[in-house]
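A.B. asks: I'm passing along protein01.csv; it holds CSV, C-alpha atoms.
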```csv
chain,number,residue,atom,x,y,z
A,31,MET,CA,-72.9,129.8,9.4
A,32,THR,CA,-69.6,131.5,9.9
A,33,THR,CA,-68.0,131.7,13.3
A,34,THR,CA,-68.0,135.0,15.2
A,35,ALA,CA,-65.5,136.4,17.6
A,36,GLN,CA,-68.3,137.1,20.1
A,37,PRO,CA,-68.9,134.1,22.5
A,38,HIS,CA,-72.3,135.5,23.6
A,39,LEU,CA,-74.7,137.5,21.5
A,40,ASN,CA,-78.4,138.1,21.8
A,41,GLY,CA,-78.3,135.9,24.9
A,42,VAL,CA,-77.0,133.1,22.7
A,43,ASP,CA,-73.9,131.1,23.8
A,44,THR,CA,-72.5,131.1,20.3
A,45,ALA,CA,-69.4,129.2,21.4
A,46,ALA,CA,-71.7,126.4,22.7
A,47,LEU,CA,-73.8,126.6,19.5
A,48,PHE,CA,-70.8,126.1,17.2
A,49,ALA,CA,-69.5,123.4,19.5
A,50,THR,CA,-72.8,121.6,19.3
A,51,VAL,CA,-72.9,121.9,15.5
A,52,ALA,CA,-69.4,120.5,15.3
A,53,ALA,CA,-70.2,117.6,17.7
A,54,VAL,CA,-73.3,116.7,15.7
A,55,LYS,CA,-71.3,116.8,12.5
A,56,GLU,CA,-68.9,114.3,14.0
A,57,HIS,CA,-71.6,112.0,15.5
A,58,ASN,CA,-74.9,112.2,13.7
A,59,GLU,CA,-76.6,110.1,16.3
A,60,ILE,CA,-76.6,113.0,18.7
A,61,ALA,CA,-79.1,114.7,16.5
A,62,LYS,CA,-81.9,112.1,17.0
A,63,PHE,CA,-84.5,113.5,19.4
A,64,GLN,CA,-87.9,112.5,20.5
A,65,PHE,CA,-90.2,115.0,22.2
A,66,ARG,CA,-93.3,114.0,24.2
A,67,ALA,CA,-96.5,115.3,25.7
A,68,THR,CA,-99.1,113.6,27.8
A,69,ASN,CA,-102.7,114.8,27.9
A,70,THR,CA,-105.7,114.1,30.0
A,71,SER,CA,-109.3,115.2,29.3
A,72,LEU,CA,-110.7,117.1,32.3
A,73,SER,CA,-114.3,118.1,31.4
A,74,GLY,CA,-115.9,118.8,28.0
A,75,THR,CA,-113.3,120.3,25.6
A,76,HIS,CA,-111.0,121.2,28.5
A,77,SER,CA,-107.8,119.1,28.7
A,78,ARG,CA,-104.4,119.4,30.3
A,79,SER,CA,-101.0,118.4,28.9
A,80,THR,CA,-97.8,117.8,30.7
A,81,ILE,CA,-94.4,118.3,29.1
A,82,SER,CA,-91.3,117.1,30.9
A,83,GLY,CA,-89.0,114.3,29.5
A,84,PHE,CA,-87.5,113.9,26.1
A,85,TYR,CA,-84.8,111.8,24.4
A,86,GLY,CA,-81.8,113.4,22.8
A,87,ALA,CA,-78.1,113.4,22.5
A,88,MET,CA,-78.2,109.6,23.0
A,89,GLN,CA,-79.9,109.7,26.4
A,90,GLU,CA,-83.1,110.3,28.3
A,91,MET,CA,-83.3,113.9,29.4
A,92,ALA,CA,-85.8,116.1,31.2
A,93,HIS,CA,-86.6,119.8,31.2
A,94,VAL,CA,-85.4,121.9,34.2
A,95,LYS,CA,-89.1,122.0,35.1
A,96,GLU,CA,-92.3,120.3,34.0
A,97,THR,CA,-94.8,122.5,32.1
A,98,VAL,CA,-98.5,122.1,32.5
A,99,LEU,CA,-100.7,123.4,29.7
A,100,ASP,CA,-104.5,123.8,29.6
A,101,SER,CA,-106.4,123.9,26.4
A,102,ASP,CA,-110.1,124.4,25.8
A,103,HIS,CA,-112.6,125.7,23.2
A,104,PRO,CA,-113.9,129.2,23.7
A,105,GLU,CA,-117.4,129.7,25.0
A,106,VAL,CA,-118.7,130.8,21.5
A,107,LEU,CA,-117.7,127.3,20.3
A,108,THR,CA,-119.5,125.7,23.2
A,109,GLY,CA,-116.4,125.2,25.3
A,110,THR,CA,-115.6,126.4,28.8
A,111,ASP,CA,-112.6,128.6,27.8
A,112,ASN,CA,-110.2,127.3,30.4
A,113,GLY,CA,-107.2,128.0,28.1
A,114,PRO,CA,-106.3,128.8,24.5
A,115,ALA,CA,-107.8,126.7,21.7
A,116,PRO,CA,-105.5,123.9,20.3
A,117,VAL,CA,-105.2,125.9,17.0
A,118,GLU,CA,-103.9,128.9,19.0
A,119,TYR,CA,-101.1,126.9,20.4
A,120,LEU,CA,-100.0,126.3,16.8
A,121,LEU,CA,-99.6,130.0,16.2
A,122,HIS,CA,-97.5,130.3,19.4
A,123,ALA,CA,-95.4,127.3,18.4
A,124,LEU,CA,-94.7,128.8,15.0
A,125,ALA,CA,-93.9,132.3,16.5
A,126,ALA,CA,-91.5,130.8,19.1
A,127,CYS,CA,-89.7,128.6,16.6
A,128,LEU,CA,-89.1,131.3,14.0
A,129,THR,CA,-88.1,133.8,16.8
A,130,ALA,CA,-85.6,131.3,18.3
A,131,GLY,CA,-84.1,130.7,14.9
A,132,ILE,CA,-83.8,134.4,14.2
A,133,VAL,CA,-81.9,135.0,17.4
A,134,ASN,CA,-79.6,132.0,16.8
A,135,VAL,CA,-78.9,132.9,13.2
A,136,ALA,CA,-78.2,136.5,14.0
A,137,ALA,CA,-75.8,135.5,16.8
A,138,ALA,CA,-74.0,133.1,14.4
A,139,ARG,CA,-73.7,136.0,11.9
A,140,GLY,CA,-72.4,138.4,14.5
A,141,VAL,CA,-75.6,140.6,14.4
A,142,GLU,CA,-76.8,142.1,17.6
A,143,LEU,CA,-80.6,142.3,17.8
A,144,THR,CA,-82.4,144.8,19.9
A,145,LYS,CA,-85.9,143.7,19.1
A,146,VAL,CA,-87.8,140.7,17.7
A,147,SER,CA,-91.5,140.7,18.0
A,148,SER,CA,-94.3,139.1,16.0
A,149,THR,CA,-98.0,138.9,15.5
A,150,LEU,CA,-99.4,135.7,14.0
A,151,THR,CA,-102.9,135.4,12.7
A,152,GLY,CA,-104.6,132.2,11.4
A,153,ASP,CA,-107.7,132.3,9.3
A,154,ILE,CA,-110.0,129.3,9.7
A,155,ASP,CA,-113.5,128.5,8.4
A,156,LEU,CA,-115.2,126.2,10.9
A,157,LEU,CA,-117.5,124.9,8.2
A,158,GLY,CA,-114.8,122.3,7.7
A,159,VAL,CA,-114.5,121.2,11.3
A,160,LEU,CA,-118.3,121.2,11.7
A,161,GLY,CA,-118.7,119.0,8.7
A,162,LEU,CA,-120.9,121.5,6.9
A,163,SER,CA,-118.9,122.2,3.8
A,164,GLY,CA,-119.4,119.0,1.9
A,165,GLY,CA,-115.7,118.6,1.9
A,166,SER,CA,-114.9,121.9,0.2
A,167,VAL,CA,-113.5,123.6,3.3
A,168,ARG,CA,-110.4,122.2,5.1
A,169,ASN,CA,-110.5,121.6,8.8
A,170,GLY,CA,-107.3,123.5,9.6
A,171,TYR,CA,-106.1,127.0,8.9
A,172,GLU,CA,-106.7,128.3,5.4
A,173,HIS,CA,-103.8,130.6,5.9
A,174,ILE,CA,-101.4,131.7,8.6
A,175,LYS,CA,-99.7,135.1,8.4
A,176,ALA,CA,-96.7,136.0,10.5
A,177,GLU,CA,-95.7,139.6,10.8
A,178,PHE,CA,-92.2,140.1,12.3
A,179,HIS,CA,-90.6,143.3,13.5
A,180,VAL,CA,-86.9,143.0,13.8
A,181,GLU,CA,-84.4,145.6,14.9
A,182,GLY,CA,-80.6,145.3,15.3
A,183,ASP,CA,-77.2,146.6,14.3
A,184,ALA,CA,-77.4,145.6,10.6
A,185,ASP,CA,-79.1,146.9,7.5
A,186,GLN,CA,-82.6,146.0,6.4
A,187,GLU,CA,-81.3,143.4,3.9
A,188,THR,CA,-79.2,141.6,6.4
A,189,LEU,CA,-82.1,141.5,9.0
A,190,ARG,CA,-84.4,140.2,6.3
A,191,GLY,CA,-81.9,137.6,5.4
A,192,ILE,CA,-81.7,136.4,9.0
A,193,VAL,CA,-85.5,135.9,9.1
A,194,GLU,CA,-85.4,134.1,5.8
A,195,GLN,CA,-82.6,131.7,7.1
A,196,SER,CA,-84.7,131.1,10.2
A,197,ARG,CA,-87.7,130.2,8.0
A,198,ARG,CA,-85.5,127.8,6.0
A,199,ARG,CA,-84.4,126.0,9.1
A,200,SER,CA,-87.6,126.1,11.2
A,201,ALA,CA,-88.9,122.8,12.5
A,202,VAL,CA,-92.4,124.2,13.1
A,203,TYR,CA,-92.6,126.0,9.8
A,204,ASP,CA,-91.7,122.7,8.0
A,205,ALA,CA,-94.2,120.7,10.1
A,206,LEU,CA,-97.0,123.1,9.1
A,207,THR,CA,-96.2,123.8,5.5
A,208,ASN,CA,-95.3,120.3,4.5
A,209,PRO,CA,-97.2,117.1,5.3
A,210,THR,CA,-96.2,115.6,8.7
A,211,PRO,CA,-97.0,111.9,9.1
A,212,VAL,CA,-99.2,111.3,12.2
A,213,SER,CA,-100.3,107.9,13.4
A,214,ILE,CA,-103.0,107.3,16.0
A,215,GLU,CA,-103.3,104.2,18.1
A,216,VAL,CA,-106.2,103.6,20.4
A,217,THR,CA,-106.6,101.3,23.4
A,218,THR,CA,-109.9,101.0,25.2
A,219,GLY,CA,-111.2,99.6,28.5
B,166,MET,CA,-124.1,113.7,14.3
B,167,THR,CA,-127.5,112.6,15.6
B,168,THR,CA,-129.1,114.5,18.4
B,169,THR,CA,-129.2,112.9,21.9
B,170,ALA,CA,-131.7,113.2,24.6
B,171,GLN,CA,-129.0,114.2,27.1
B,172,PRO,CA,-128.4,118.0,27.2
B,173,HIS,CA,-125.1,117.6,29.0
B,174,LEU,CA,-122.7,114.7,28.5
B,175,ASN,CA,-119.0,114.5,29.2
B,176,GLY,CA,-119.1,118.1,30.3
B,177,VAL,CA,-120.3,119.1,26.9
B,178,ASP,CA,-123.4,121.2,26.5
B,179,THR,CA,-124.8,119.2,23.7
B,180,ALA,CA,-127.9,121.3,23.3
B,181,ALA,CA,-125.6,124.4,22.7
B,182,LEU,CA,-123.4,122.3,20.4
B,183,PHE,CA,-126.3,121.3,18.2
B,184,ALA,CA,-127.7,124.9,18.3
B,185,THR,CA,-124.4,126.2,17.2
B,186,VAL,CA,-124.2,123.7,14.3
B,187,ALA,CA,-127.7,124.7,13.3
B,188,ALA,CA,-127.0,128.4,13.4
B,189,VAL,CA,-123.8,128.0,11.4
B,190,LYS,CA,-125.7,126.0,8.8
B,191,GLU,CA,-128.1,128.9,8.5
B,192,HIS,CA,-125.5,131.6,8.4
B,193,ASN,CA,-122.1,130.3,7.1
B,194,GLU,CA,-120.4,133.6,7.9
B,195,ILE,CA,-120.6,132.8,11.6
B,196,ALA,CA,-118.0,130.1,11.0
B,197,LYS,CA,-115.2,132.4,9.8
B,198,PHE,CA,-112.7,132.7,12.7
B,199,GLN,CA,-109.3,134.3,13.0
B,200,PHE,CA,-107.1,133.3,15.9
B,201,ARG,CA,-104.0,135.3,17.0
B,202,ALA,CA,-100.8,135.2,19.0
B,203,THR,CA,-98.3,137.9,19.7
B,204,ASN,CA,-94.7,137.0,20.6
B,205,THR,CA,-91.6,138.8,21.9
B,206,SER,CA,-88.1,137.6,22.1
B,207,LEU,CA,-86.7,137.8,25.7
B,208,SER,CA,-83.2,136.5,25.6
B,209,GLY,CA,-81.5,133.9,23.4
B,210,THR,CA,-84.0,131.3,22.3
B,211,HIS,CA,-86.4,132.3,25.1
B,212,SER,CA,-89.6,134.0,23.9
B,213,ARG,CA,-93.0,134.8,25.3
B,214,SER,CA,-96.4,134.7,23.5
B,215,THR,CA,-99.7,136.2,24.6
B,216,ILE,CA,-103.0,134.8,23.5
B,217,SER,CA,-106.2,136.8,24.1
B,218,GLY,CA,-108.3,138.3,21.3
B,219,PHE,CA,-109.8,136.6,18.3
B,220,TYR,CA,-112.4,137.2,15.7
B,221,GLY,CA,-115.4,134.9,15.3
B,222,ALA,CA,-119.2,134.7,14.9
B,223,MET,CA,-119.0,138.0,13.0
B,224,GLN,CA,-117.4,140.0,15.9
B,225,GLU,CA,-114.2,140.7,17.8
B,226,MET,CA,-114.0,138.5,20.9
B,227,ALA,CA,-111.6,137.8,23.7
B,228,HIS,CA,-110.9,134.8,25.9
B,229,VAL,CA,-112.1,134.9,29.5
B,230,LYS,CA,-108.5,135.4,30.5
B,231,GLU,CA,-105.3,136.2,28.6
B,232,THR,CA,-102.7,133.3,28.4
B,233,VAL,CA,-99.0,133.9,28.5
B,234,LEU,CA,-96.7,131.1,27.2
B,235,ASP,CA,-93.0,130.8,27.4
B,236,SER,CA,-90.9,128.8,25.0
B,237,ASP,CA,-87.2,128.1,24.8
B,238,HIS,CA,-84.8,125.5,23.6
B,239,PRO,CA,-83.5,123.0,26.1
B,240,GLU,CA,-80.0,123.4,27.5
B,241,VAL,CA,-78.7,120.5,25.4
B,242,LEU,CA,-79.6,122.5,22.3
B,243,THR,CA,-77.8,125.6,23.8
B,244,GLY,CA,-81.0,127.2,25.0
B,245,THR,CA,-81.9,128.3,28.5
B,246,ASP,CA,-84.8,125.9,29.0
B,247,ASN,CA,-87.3,128.5,30.2
B,248,GLY,CA,-90.2,126.5,28.8
B,249,PRO,CA,-91.1,123.8,26.3
B,250,ALA,CA,-89.5,123.8,22.9
B,251,PRO,CA,-91.7,125.1,20.0
B,252,VAL,CA,-92.0,121.6,18.6
B,253,GLU,CA,-93.3,120.3,22.0
B,254,TYR,CA,-96.2,122.8,21.8
B,255,LEU,CA,-97.2,121.1,18.5
B,256,LEU,CA,-97.7,117.8,20.3
B,257,HIS,CA,-99.8,119.5,23.0
B,258,ALA,CA,-101.9,121.2,20.3
B,259,LEU,CA,-102.5,117.9,18.5
B,260,ALA,CA,-103.4,116.1,21.7
B,261,ALA,CA,-105.8,118.8,22.9
B,262,CYS,CA,-107.5,119.1,19.5
B,263,LEU,CA,-108.1,115.3,19.1
B,264,THR,CA,-109.2,115.0,22.7
B,265,ALA,CA,-111.7,117.9,22.5
B,266,GLY,CA,-113.0,116.3,19.3
B,267,ILE,CA,-113.4,112.9,21.0
B,268,VAL,CA,-115.3,114.3,23.9
B,269,ASN,CA,-117.6,116.4,21.6
B,270,VAL,CA,-118.2,113.5,19.2
B,271,ALA,CA,-119.0,111.1,22.0
B,272,ALA,CA,-121.4,113.6,23.6
B,273,ALA,CA,-123.1,114.0,20.2
B,274,ARG,CA,-123.4,110.2,19.9
B,275,GLY,CA,-124.8,109.8,23.4
B,276,VAL,CA,-121.7,108.0,24.7
B,277,GLU,CA,-120.5,108.8,28.2
B,278,LEU,CA,-116.7,108.7,28.5
B,279,THR,CA,-115.0,108.0,31.8
B,280,LYS,CA,-111.4,108.5,30.5
B,281,VAL,CA,-109.5,110.0,27.6
B,282,SER,CA,-105.8,110.2,28.0
B,283,SER,CA,-103.0,110.3,25.5
B,284,THR,CA,-99.2,110.2,25.0
B,285,LEU,CA,-97.8,111.9,22.0
B,286,THR,CA,-94.3,111.4,20.7
B,287,GLY,CA,-92.5,113.2,17.9
B,288,ASP,CA,-89.3,111.9,16.3
B,289,ILE,CA,-87.1,114.6,14.9
B,290,ASP,CA,-83.6,114.4,13.4
B,291,LEU,CA,-81.9,117.7,14.1
B,292,LEU,CA,-79.5,117.2,11.2
B,293,GLY,CA,-82.2,119.0,9.2
B,294,VAL,CA,-82.5,122.0,11.4
B,295,LEU,CA,-78.8,122.3,11.8
B,296,GLY,CA,-78.3,122.2,8.0
B,297,LEU,CA,-76.0,119.2,8.3
B,298,SER,CA,-78.0,116.7,6.1
B,299,GLY,CA,-77.4,118.2,2.7
B,300,GLY,CA,-81.2,118.4,2.4
B,301,SER,CA,-81.9,114.7,2.9
B,302,VAL,CA,-83.4,115.3,6.4
B,303,ARG,CA,-86.5,117.5,6.9
B,304,ASN,CA,-86.5,120.2,9.5
B,305,GLY,CA,-89.7,119.1,11.2
B,306,TYR,CA,-90.9,115.9,12.8
B,307,GLU,CA,-90.3,112.8,10.7
B,308,HIS,CA,-93.2,111.1,12.5
B,309,ILE,CA,-95.7,111.9,15.3
B,310,LYS,CA,-97.4,109.0,17.1
B,311,ALA,CA,-100.5,109.6,19.2
B,312,GLU,CA,-101.5,106.8,21.6
B,313,PHE,CA,-105.0,107.3,23.0
B,314,HIS,CA,-106.6,105.5,25.9
B,315,VAL,CA,-110.4,105.8,25.9
B,316,GLU,CA,-112.9,104.4,28.3
B,317,GLY,CA,-116.7,104.8,28.3
B,318,ASP,CA,-120.1,103.2,28.2
B,319,ALA,CA,-119.7,101.8,24.7
B,320,ASP,CA,-118.0,98.9,23.0
B,321,GLN,CA,-114.5,99.0,21.6
B,322,GLU,CA,-115.7,99.5,18.1
B,323,THR,CA,-117.9,102.5,19.0
B,324,LEU,CA,-115.1,104.1,21.0
B,325,ARG,CA,-112.6,103.6,18.2
B,326,GLY,CA,-115.2,105.1,15.8
B,327,ILE,CA,-115.4,108.2,18.0
B,328,VAL,CA,-111.6,108.7,17.9
B,329,GLU,CA,-111.6,108.2,14.1
B,330,GLN,CA,-114.4,110.8,13.6
B,331,SER,CA,-112.4,113.2,15.8
B,332,ARG,CA,-109.4,112.7,13.6
B,333,ARG,CA,-111.5,113.3,10.5
B,334,ARG,CA,-112.6,116.6,11.8
B,335,SER,CA,-109.5,117.8,13.7
B,336,ALA,CA,-108.2,121.2,12.7
B,337,VAL,CA,-104.7,120.5,14.1
B,338,TYR,CA,-104.5,117.1,12.6
B,339,ASP,CA,-105.3,118.6,9.2
B,340,ALA,CA,-102.8,121.5,9.8
B,341,LEU,CA,-100.0,119.1,10.4
B,342,THR,CA,-100.8,116.3,8.0
B,343,ASN,CA,-101.6,118.5,5.0
B,344,PRO,CA,-99.7,121.6,3.8
B,345,THR,CA,-100.8,124.8,5.5
B,346,PRO,CA,-99.9,128.1,3.7
B,347,VAL,CA,-97.8,130.3,5.9
B,348,SER,CA,-96.7,133.8,4.8
B,349,ILE,CA,-94.0,135.8,6.6
B,350,GLU,CA,-93.7,139.6,6.5
B,351,VAL,CA,-90.9,141.5,7.9
B,352,THR,CA,-90.5,145.1,9.0
B,353,THR,CA,-87.2,146.5,10.3
B,354,GLY,CA,-86.0,149.6,12.2
```
Go through the file and emit its structure as structure tokens.
C.D. replies:
Amino acid sequence: MTTTAQPHLNGVDTAALFATVAAVKEHNEIAKFQFRATNTSLSGTHSRSTISGFYGAMQEMAHVKETVLDSDHPEVLTGTDNGPAPVEYLLHALAACLTAGIVNVAAARGVELTKVSSTLTGDIDLLGVLGLSGGSVRNGYEHIKAEFHVEGDADQETLRGIVEQSRRRSAVYDALTNPTPVSIEVTTG
Amino acid sequence: MTTTAQPHLNGVDTAALFATVAAVKEHNEIAKFQFRATNTSLSGTHSRSTISGFYGAMQEMAHVKETVLDSDHPEVLTGTDNGPAPVEYLLHALAACLTAGIVNVAAARGVELTKVSSTLTGDIDLLGVLGLSGGSVRNGYEHIKAEFHVEGDADQETLRGIVEQSRRRSAVYDALTNPTPVSIEVTTG
């Protein structure tokens, strides 16, 4: 990143962005975050998550407002379709992460964007999840494709470079494309 | 899975569930699904996704209703906090996937559940995302922990076995713990 003369660009407070990077450089501890979600089963495959508090910048914090998210399986998969399927939330998470990165990187590079939109598709063969493949088909997506449309006051190569830098620094892209350790603990009764 | 005498359990239409598994076994093509999300940048790190149509069971389908999801970075990360961060949606997706699996597996095994709740935490060191680690810190979560609380009319071992089977068959657990191929295409102007 190089600093830019524009304190605000693409809705990004670049001055605050650079100040944050500088502060974290000075005190690495500020960068340790923990995000959280709590979930409760409602009926069948319908469940509800709440997202509110998190830890970061060496303190307990909370979002401006709590978010409630419903998830379910669609009816064709014998669910009750009270919300997107869990795997659809993955596509949203990836789109939102890459997009936020694109906007931040563009602002840092002094590029004004007029449009960032994307369509994400994830191909999945449910033979895996249903246990009908004899182990030859994975449970998750076989492939995710993200198609981005980006417009702004820069040439094609510069815009593509911004998307590529966002990919390189994306938390969700990394979480999906590389193994993320997950531990599961169970209490009963 | 073994069939149960109870056509509905835990809100799961077990008869439909077994019929679906049998139909897919007969015609593997039914199991090929494609899920989708479209996203648009609003301002700064705030973006909005729409989830509606998908392909599955050899036809174009749509959810009962369209879902709109906002994502943003929190203010401490120089965002405008108009929704959960992208990485928080990952925790929700994992919780919802494992929970739906637990409920389905329990129904298939004839176990009535009275409670399934979970708290997921994801530890992330933002030195990676900020490019300040010299490559020693990953961008995504270093570790995700899922704590499940499960109650039902079965002993502890049976309940734990249900959670374990859900983990084994979870699409989101697989997508996170194993590498998922992601391709990114960019159009400009």
A.B. asks: What is the atom CA of A:Phe63-atom CA of B:Asp339 distance in Å, reported with one decimal?
C.D. replies: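 So the answer is 23.7 Å.
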A.B. asks: Hey, which of B:Leu174, B:Leu292, B:Leu285, B:Ala319 ends up closest to B:Tyr254? Count all atoms listed in the file.
C.D. replies: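 For B:Tyr254, the nearest of the given residues is B:Leu285.
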A.B. asks: B:Glu329: which residues within 12 Å, counting only C-alpha atoms, same-chain residues fewer than 4 positions away excluded, as a list of chain:residue names?
C.D. replies: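 The contact residues come out as A:Ser213, A:Ile214, A:Glu215, A:Val216, B:Leu263, B:Thr264, B:Gly266, B:Ile267, B:Val270, B:Ala271, B:Phe313, B:Glu322, B:Thr323, B:Leu324, B:Arg325, B:Arg333, B:Arg334, B:Ser335, B:Tyr338.
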A.B. asks: Tell me, in Å to one decimal, how far atom CA of A:Met88 is from atom CA of A:Val133.
C.D. replies: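 Taking atom CA of A:Met88 and atom CA of A:Val133, their separation equals 26.3 Å.
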A.B. asks: Could you tell me which of B:Ala258, B:Ile327, B:Tyr220, B:Ala188 comes closest to chain A if we count all atoms listed in the file?
C.D. replies: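 Smallest separation from chain A among the options: B:Ala258.
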A.B. asks: For chain B, which residue among A:Gly182, A:Thr68, A:Thr44, A:Ala138 is the nearest when counting only C-alpha atoms?
C.D. replies: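 For chain B, the nearest of the given residues is A:Thr68.
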A.B. asks: Give the answer as one residue: which of B:Ser331, B:Asn247, B:Thr185, B:Thr284 has the shortest atom-to-atom distance to chain A, using all atoms listed in the file?
C.D. replies: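 The shortest atom-to-atom distance to chain A comes from B:Thr284.
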A.B. asks: Figure out the distance between atom CA of B:Asn204 and atom CA of B:Ile216, please, to one decimal in Å.
C.D. replies: 9.1 Å
A.B. asks: Determine the nearest neighbour of A:Val202 from the options B:Ala181, B:Leu297, B:Ala250, B:Ala311, counting all atoms listed in the file.
C.D. replies: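 Checking each candidate against A:Val202, we get B:Ala250 as the closest.
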A.B. asks: Which residues come within 9 Å of stretch 293-295 of chain B, counting only C-alpha atoms, excluding same-chain residues fewer than 2 positions away, as number ranges by chain?
C.D. replies: A: 51, 54, 61, 198-201; B: 289-291, 297-305
A.B. asks: Taking C-alpha atoms for each residue, export the selection above as a tab-separated table (two decimals), in the coordinates of the input.
C.D. replies:
```tsv
chain	number	residue	atom	x	y	z
A	51	VAL	CA	-72.90	121.90	15.50
A	54	VAL	CA	-73.30	116.70	15.70
A	61	ALA	CA	-79.10	114.70	16.50
A	198	ARG	CA	-85.50	127.80	6.00
A	199	ARG	CA	-84.40	126.00	9.10
A	200	SER	CA	-87.60	126.10	11.20
A	201	ALA	CA	-88.90	122.80	12.50
B	289	ILE	CA	-87.10	114.60	14.90
B	290	ASP	CA	-83.60	114.40	13.40
B	291	LEU	CA	-81.90	117.70	14.10
B	297	LEU	CA	-76.00	119.20	8.30
B	298	SER	CA	-78.00	116.70	6.10
B	299	GLY	CA	-77.40	118.20	2.70
B	300	GLY	CA	-81.20	118.40	2.40
B	301	SER	CA	-81.90	114.70	2.90
B	302	VAL	CA	-83.40	115.30	6.40
B	303	ARG	CA	-86.50	117.50	6.90
B	304	ASN	CA	-86.50	120.20	9.50
B	305	GLY	CA	-89.70	119.10	11.20
```
A.B. asks: Can you tell me which residues surround A:Asp100 at a distance of at most 7 Å, considering all atoms listed in the file, apart from same-chain residues fewer than 2 positions away, and format the answer as a list in words?
C.D. replies: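 In the requested form, the answer reads Ser77, Arg78, Ser79, Val98, Asp102, Asn112 and Gly113 of chain A.
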A.B. asks: Check the smallest atom-to-atom distance from each of A:Glu177, A:Glu105, A:Glu142, A:Asp185 to chain B using only C-alpha atoms, then report the winner.
C.D. replies: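 With only C-alpha atoms as the atom set, the closest residue is A:Glu177.
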A.B. asks: May I have the protein, DNA and RNA residues with an atom at most 10 Å from (-99.2, 121.0, 17.2), counting all atoms listed in the file in the file's coordinates, returned as a list of chain:residue names?
C.D. replies: A:Pro116, A:Val117, A:Glu118, A:Tyr119, A:Leu120, A:Leu121, A:His122, A:Ala123, A:Leu124, A:Val202, A:Ala205, A:Leu206, B:Pro251, B:Val252, B:Glu253, B:Tyr254, B:Leu255, B:Leu256, B:His257, B:Ala258, B:Leu259, B:Ala260, B:Ala261, B:Cys262, B:Ile309, B:Val337, B:Tyr338, B:Ala340, B:Leu341
A.B. asks: B:Asn175: which residues within 12 Å, counting all atoms listed in the file, same-chain residues fewer than 2 positions away excluded, as an MDAnalysis selection string?
C.D. replies: (chainID A and resid 71:76 109) or (chainID B and resid 171:173 177:179 264:281 316:318)
A.B. asks: Around the point (-108.4, 134.5, 28.7) in the file's coordinates, collect all residues with an atom within 8 Å, using only C-alpha atoms, and return them as number ranges by chain.
C.D. replies: A: 111-114; B: 216-217, 227-232
